[in-house]
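I have placed the structure first, in the form of structure tokens, so that the comments after it can refer back to it.
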Amino acid sequence: MKADFVLTGAGRLVTCEPGLGEGPLGVIERGALAAWRGEVVWVGREADLAGEVEVAPDAVEVDARGSAVLPGLVDCHTHLVFAGDRAPEFAARLRGEPRATGGVRETVRATRATGDEDLAALALERLDRFLSWGVTTVEAKSGYGLTLEQERRLLSVAAGLRHPVDVVRTFLGAHVVPPEYDDDPEGYVTLVSEGMIPSIGQLAEFCDVWCDEGAFSVDQARRILRAARAEGLGIKVHAEQTARTGAAALAASFGAVSVDHLEHATEEDAEALGISRTVAVLLPGASLGGPYAPARTLIGRGVRVALSTDLNPGTSYSENLPLSAALGCALLRLTAEEAILGITRHAAAAIARERAIGRLARGAACDLVVLGAASEVDLVYHYGANLAAIVVKGGRVVGGAGP
Ligand SMILES: [Zn+2]
């Protein structure tokens, strides 16, 4: 078996593939990995590497020096492309003042007024920060344009980003009702369903709807999701964030790839999700101060739980995905193993890339992060510290602070 990339010296190779090693994370002690043209071709004990893999003379060789090695992290819920600054609104909220500015609409105003190049530059800076934390794939939603032209423009900007971090695109025209439709929200639902969605084509892989009190009703969301399904888009739903509306059950009934937020989800919602394949994406950074999503109830019902930053300028301005995992442990009572699966394997499932990324196994992408720590638990234990020592994407070293 030929290899043009070899990783050795992994004290703990965390494959996130239980069949390959110990425990729920499939850990191989003193592990090694080989890849060919960006794809993993071999994982195992380093002692077996030489006998099974023929390493090309010019292969990239990475020595993990005894550290833990994880799959490249996956952030499966971000609002990556936006302009504007809502720090004053954040500060006002902390002072207990009612919303001084217009929330999402403020970002819509600023984003519409910013040109493509500047929007791309802002998004690229955010991708640099994601990469610095060991993230190698992010999902990115539109939703700050809210006209057909502007929503297409935001998706095109996301599609044009040239960066080592892969960007998976989601159409979120149904984020909020834009001011132009204050008197006619149904008219906006029609525009999204009959105007925008049929025009998306290859610009997005998924369609998301914020179905909640103050956003779109269950009936409106159903119209939009039907249109999305007819166009072959995968389904995602922002659900049960500000109130319990039945959005989670709606998502499950549509076979959504993910249902996100769930702060007000009930036992009944967990049951509906438990009999679906829908992944629950929990966003602890967006609900600091509570209430928190019922992660243990969801896991108890067999729901796969992913964790994400929810990077956005209003409620969660952070690209620090390991911190989201730490918050998942502290606030949602996840175990370290559950939190790590939440930013790797289950996050990959939440963007329909279950086999391709989020795990280190034959056939998966050679995306990995060498930690500056001996144990993967440090990712949630030593919270706030950046432990991404070496970041590899597609078999190339693309970032990291160094071991
Ligand atoms: Zn969101």
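FYI, nothing fancy with the structure tokens labels: chains A, B, ... in order, residues from 1 per chain, ligands from 1 as they appear.
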
How would you write, as a PyMOL selection string, the set of residues no farther than 9 Å from ligand 1 when counting only C-alpha atoms and all ligand atoms? chain A and resi 77-79+141+175+210+238+260-261+283+286+309-312+315-316

Region 175-354 of chain A: which residues are helix (DSSP H, G or I) by DSSP, as a PyMOL selection string? chain A and resi 179-181+185-203+218-230+247-253+267-274+284-287+295-300+321-332+336-342+345-349

Would you tabulate, counting only C-alpha atoms, all residues of region 66-154 of chain A that have an atom at most 6 Å from an atom of region 333-356 of chain A, showing the closest pair of atoms and their distance in Å to one decimal, sorted by chain then ascending number, as CSV?
residue,atom,partner,partner_atom,distance
A:Leu73,CA,A:Thr344,CA,5.3
A:Val74,CA,A:Thr344,CA,5.5
A:Cys76,CA,A:Ala347,CA,5.5

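Residues with any atom within 6 Å of region 32-44 of chain A, counting only C-alpha atoms and excluding same-chain neighbours fewer than 4 positions away, are A:Ala3, A:Asp4, A:Phe5, A:Val6, A:Leu7, A:Thr8, A:Arg362, A:Gly363, A:Ala364, A:Ala365, A:Cys366, A:Gly394, A:Gly395.
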
Distance query region 295-302 of chain A at most 7 Å, only C-alpha atoms, self and fewer than 4 positions along chain excluded, as a list in words: Glu267, Ala270, Glu271, Gly274 and Leu332 of chain A

Tell me which protein, DNA and RNA residues are within 10 Å of Ser199 (chain A), counting only C-alpha atoms, leaving out same-chain ones fewer than 6 positions away, and put them as a list in words.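 Residues near the query, excluding close chain neighbours: Leu148, Glu149, Arg152, Val192, Ser193 and Glu231 of chain A.
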
File dump, residues just selected, N, CA and C atoms, as a short mmCIF file (atom, residue, chain, number, x, y, z; two decimals), in the first residue's frame:
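selection13.cif written:
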data_model
loop_
_atom_site.label_atom_id
_atom_site.label_comp_id
_atom_site.auth_asym_id
_atom_site.auth_seq_id
_atom_site.Cartn_x
_atom_site.Cartn_y
_atom_site.Cartn_z
N LEU A 148 -33.76 37.72 -2.94
CA LEU A 148 -33.24 36.67 -3.81
C LEU A 148 -31.80 36.96 -4.23
N GLU A 149 -31.55 38.21 -4.66
CA GLU A 149 -30.22 38.56 -5.15
C GLU A 149 -29.19 38.49 -4.02
N ARG A 152 -28.43 34.88 -2.84
CA ARG A 152 -27.56 34.23 -3.82
C ARG A 152 -26.14 34.79 -3.74
N VAL A 192 -39.55 33.03 -0.52
CA VAL A 192 -38.52 32.03 -0.19
C VAL A 192 -38.82 30.72 -0.91
N SER A 193 -40.09 30.26 -0.82
CA SER A 193 -40.44 28.94 -1.34
C SER A 193 -40.45 28.90 -2.86
N GLU A 231 -36.58 20.55 -4.43
CA GLU A 231 -35.37 20.95 -5.17
C GLU A 231 -34.18 20.06 -4.84
#

Calculate how many Å separate CA of Asn386 (chain A) from CA of Pro313 (chain A), rounding to one decimal.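 One can read the CA of Asn386 (chain A) to CA of Pro313 (chain A) distance as 21.9 Å.
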
Residues at most 9 Å from Ser253 (chain A), counting only C-alpha atoms, excluding those fewer than 4 positions away in the same chain, as a PyMOL selection string? chain A and resi 248-249+272-273+276

For Arg169 (chain A), the nearest of the candidates A:Gly234, A:Pro198, A:Pro57, A:Gly145, counting only C-alpha atoms: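 Selected residue with least distance to Arg169 (chain A): A:Gly234.
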
Tell me, in Å to one decimal, how far CA of Gly290 (chain A) is from CA of Ser258 (chain A). 21.6 Å

Surrounding residues of Gly31 (chain A) excluding itself and chain neighbours under 5 positions, 7 Å, only C-alpha atoms, as a PDB file with N, CA and C atoms, in the first residue's frame:
ATOM      1  N   THR A   8       3.333   9.605  12.499  1.00  0.00           N
ATOM      2  CA  THR A   8       3.845   8.649  13.495  1.00  0.00           C
ATOM      3  C   THR A   8       3.876   9.345  14.853  1.00  0.00           C
ATOM      4  N   GLY A   9       4.187   8.563  15.887  1.00  0.00           N
ATOM      5  CA  GLY A   9       4.376   9.152  17.213  1.00  0.00           C
ATOM      6  C   GLY A   9       3.098   9.570  17.921  1.00  0.00           C
ATOM      7  N   ALA A  10       1.936   9.065  17.461  1.00  0.00           N
ATOM      8  CA  ALA A  10       0.689   9.421  18.145  1.00  0.00           C
ATOM      9  C   ALA A  10       0.588   8.607  19.431  1.00  0.00           C
ATOM     10  N   GLY A  11       0.737   9.252  20.582  1.00  0.00           N
ATOM     11  CA  GLY A  11       0.581   8.551  21.859  1.00  0.00           C
ATOM     12  C   GLY A  11      -0.805   7.947  21.933  1.00  0.00           C
ATOM     13  N   ARG A  12      -1.779   8.724  21.491  1.00  0.00           N
ATOM     14  CA  ARG A  12      -3.161   8.246  21.408  1.00  0.00           C
ATOM     15  C   ARG A  12      -3.744   8.722  20.075  1.00  0.00           C
ATOM     16  N   LEU A  13      -3.989   7.793  19.178  1.00  0.00           N
ATOM     17  CA  LEU A  13      -4.621   8.119  17.902  1.00  0.00           C
ATOM     18  C   LEU A  13      -6.128   7.942  18.098  1.00  0.00           C
ATOM     19  N   GLY A  44      -3.350   2.213  12.336  1.00  0.00           N
ATOM     20  CA  GLY A  44      -3.037   1.051  13.158  1.00  0.00           C
ATOM     21  C   GLY A  44      -1.959   1.383  14.162  1.00  0.00           C
ATOM     22  N   ARG A  45      -1.348   0.329  14.688  1.00  0.00           N
ATOM     23  CA  ARG A  45      -0.259   0.528  15.637  1.00  0.00           C
ATOM     24  C   ARG A  45       1.010   0.842  14.857  1.00  0.00           C
ATOM     25  N   GLU A  46       1.772   1.765  15.401  1.00  0.00           N
ATOM     26  CA  GLU A  46       2.969   2.198  14.671  1.00  0.00           C
ATOM     27  C   GLU A  46       3.903   1.019  14.387  1.00  0.00           C
TER      28      GLU A  46
END

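With only C-alpha atoms as the atoms that count, the residue of A:Glu268, A:Glu263, A:Glu180, A:Asp116 with the shortest distance to Ala83 (chain A) is A:Asp116.
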
Those in region 12-202 of chain A with strand (DSSP E) from DSSP, as a PyMOL selection string: chain A and resi 12-14+27-36+39-45+54-63+68-71+73-75+135-141+166-174

For the selection just defined, write its residues with C-alpha atoms to a file, as a PDB file, in the first residue's frame.
ATOM      1  CA  ARG A  12      -3.161   8.246  21.408  1.00  0.00           C
ATOM      2  CA  LEU A  13      -4.621   8.119  17.902  1.00  0.00           C
ATOM      3  CA  VAL A  14      -8.263   9.084  18.447  1.00  0.00           C
ATOM      4  CA  VAL A  27      -8.332   5.109  20.566  1.00  0.00           C
ATOM      5  CA  ILE A  28      -5.196   3.353  19.289  1.00  0.00           C
ATOM      6  CA  GLU A  29      -2.242   3.791  21.627  1.00  0.00           C
ATOM      7  CA  ARG A  30       1.115   4.347  19.912  1.00  0.00           C
ATOM      8  CA  GLY A  31      -0.811   4.697  16.696  1.00  0.00           C
ATOM      9  CA  ALA A  32       0.133   5.722  13.189  1.00  0.00           C
ATOM     10  CA  LEU A  33      -1.730   6.730  10.040  1.00  0.00           C
ATOM     11  CA  ALA A  34      -0.932   6.750   6.343  1.00  0.00           C
ATOM     12  CA  ALA A  35      -2.667   8.553   3.498  1.00  0.00           C
ATOM     13  CA  TRP A  36      -2.480   8.718  -0.265  1.00  0.00           C
ATOM     14  CA  GLU A  39      -7.308  10.107   1.797  1.00  0.00           C
ATOM     15  CA  VAL A  40      -6.524   7.835   4.740  1.00  0.00           C
ATOM     16  CA  VAL A  41      -5.386   4.420   3.515  1.00  0.00           C
ATOM     17  CA  TRP A  42      -4.147   2.870   6.741  1.00  0.00           C
ATOM     18  CA  VAL A  43      -4.484   3.334  10.528  1.00  0.00           C
ATOM     19  CA  GLY A  44      -3.037   1.051  13.158  1.00  0.00           C
ATOM     20  CA  ARG A  45      -0.259   0.528  15.637  1.00  0.00           C
ATOM     21  CA  GLU A  54       5.224   1.684   1.438  1.00  0.00           C
ATOM     22  CA  VAL A  55       6.070   5.310   2.130  1.00  0.00           C
ATOM     23  CA  ALA A  56       6.975   7.409  -0.921  1.00  0.00           C
ATOM     24  CA  PRO A  57      10.418   9.062  -0.659  1.00  0.00           C
ATOM     25  CA  ASP A  58       8.918  12.557  -0.874  1.00  0.00           C
ATOM     26  CA  ALA A  59       6.032  11.806   1.506  1.00  0.00           C
ATOM     27  CA  VAL A  60       4.947  14.369   4.086  1.00  0.00           C
ATOM     28  CA  GLU A  61       5.971  12.992   7.492  1.00  0.00           C
ATOM     29  CA  VAL A  62       4.476  14.307  10.713  1.00  0.00           C
ATOM     30  CA  ASP A  63       5.804  13.239  14.109  1.00  0.00           C
ATOM     31  CA  ALA A  68      -2.982  12.801  21.109  1.00  0.00           C
ATOM     32  CA  VAL A  69      -4.176  13.069  17.501  1.00  0.00           C
ATOM     33  CA  LEU A  70      -7.808  13.693  16.534  1.00  0.00           C
ATOM     34  CA  PRO A  71      -9.741  13.999  13.291  1.00  0.00           C
ATOM     35  CA  LEU A  73     -12.643  19.306  13.910  1.00  0.00           C
ATOM     36  CA  VAL A  74     -15.955  19.988  12.168  1.00  0.00           C
ATOM     37  CA  ASP A  75     -18.097  23.039  12.950  1.00  0.00           C
ATOM     38  CA  VAL A 135     -11.198  23.108  12.587  1.00  0.00           C
ATOM     39  CA  THR A 136     -10.880  21.768   9.032  1.00  0.00           C
ATOM     40  CA  THR A 137     -14.522  21.910   7.836  1.00  0.00           C
ATOM     41  CA  VAL A 138     -17.278  24.421   8.589  1.00  0.00           C
ATOM     42  CA  GLU A 139     -20.872  24.691   7.522  1.00  0.00           C
ATOM     43  CA  ALA A 140     -21.883  28.254   6.565  1.00  0.00           C
ATOM     44  CA  LYS A 141     -25.378  29.653   6.273  1.00  0.00           C
ATOM     45  CA  ASP A 166     -13.736  23.449   3.573  1.00  0.00           C
ATOM     46  CA  VAL A 167     -16.994  25.409   3.601  1.00  0.00           C
ATOM     47  CA  VAL A 168     -20.306  23.536   3.258  1.00  0.00           C
ATOM     48  CA  ARG A 169     -23.111  25.886   2.200  1.00  0.00           C
ATOM     49  CA  THR A 170     -26.636  26.171   3.596  1.00  0.00           C
ATOM     50  CA  PHE A 171     -29.406  28.481   2.350  1.00  0.00           C
ATOM     51  CA  LEU A 172     -31.119  30.283   5.243  1.00  0.00           C
ATOM     52  CA  GLY A 173     -33.390  32.741   3.435  1.00  0.00           C
ATOM     53  CA  ALA A 174     -35.932  31.941   6.159  1.00  0.00           C
TER      54      ALA A 174
END

Between CA of Tyr383 (chain A) and CA of Pro322 (chain A) - distance in Å to one decimal: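 Going from CA of Pro322 (chain A) over to CA of Tyr383 (chain A), I get 7.5 Å.
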
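For the residues A:Phe130, A:Tyr292, A:Phe216, A:Phe206, ranking by smallest atom-to-atom distance to Ala330 (chain A) using only C-alpha atoms places A:Tyr292 first.
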
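Among the candidate residues A:Ile235, A:Val53, A:Gly103, A:Gly400, the one lying nearest to Asp128 (chain A) is A:Gly400, with distances computed using only C-alpha atoms.
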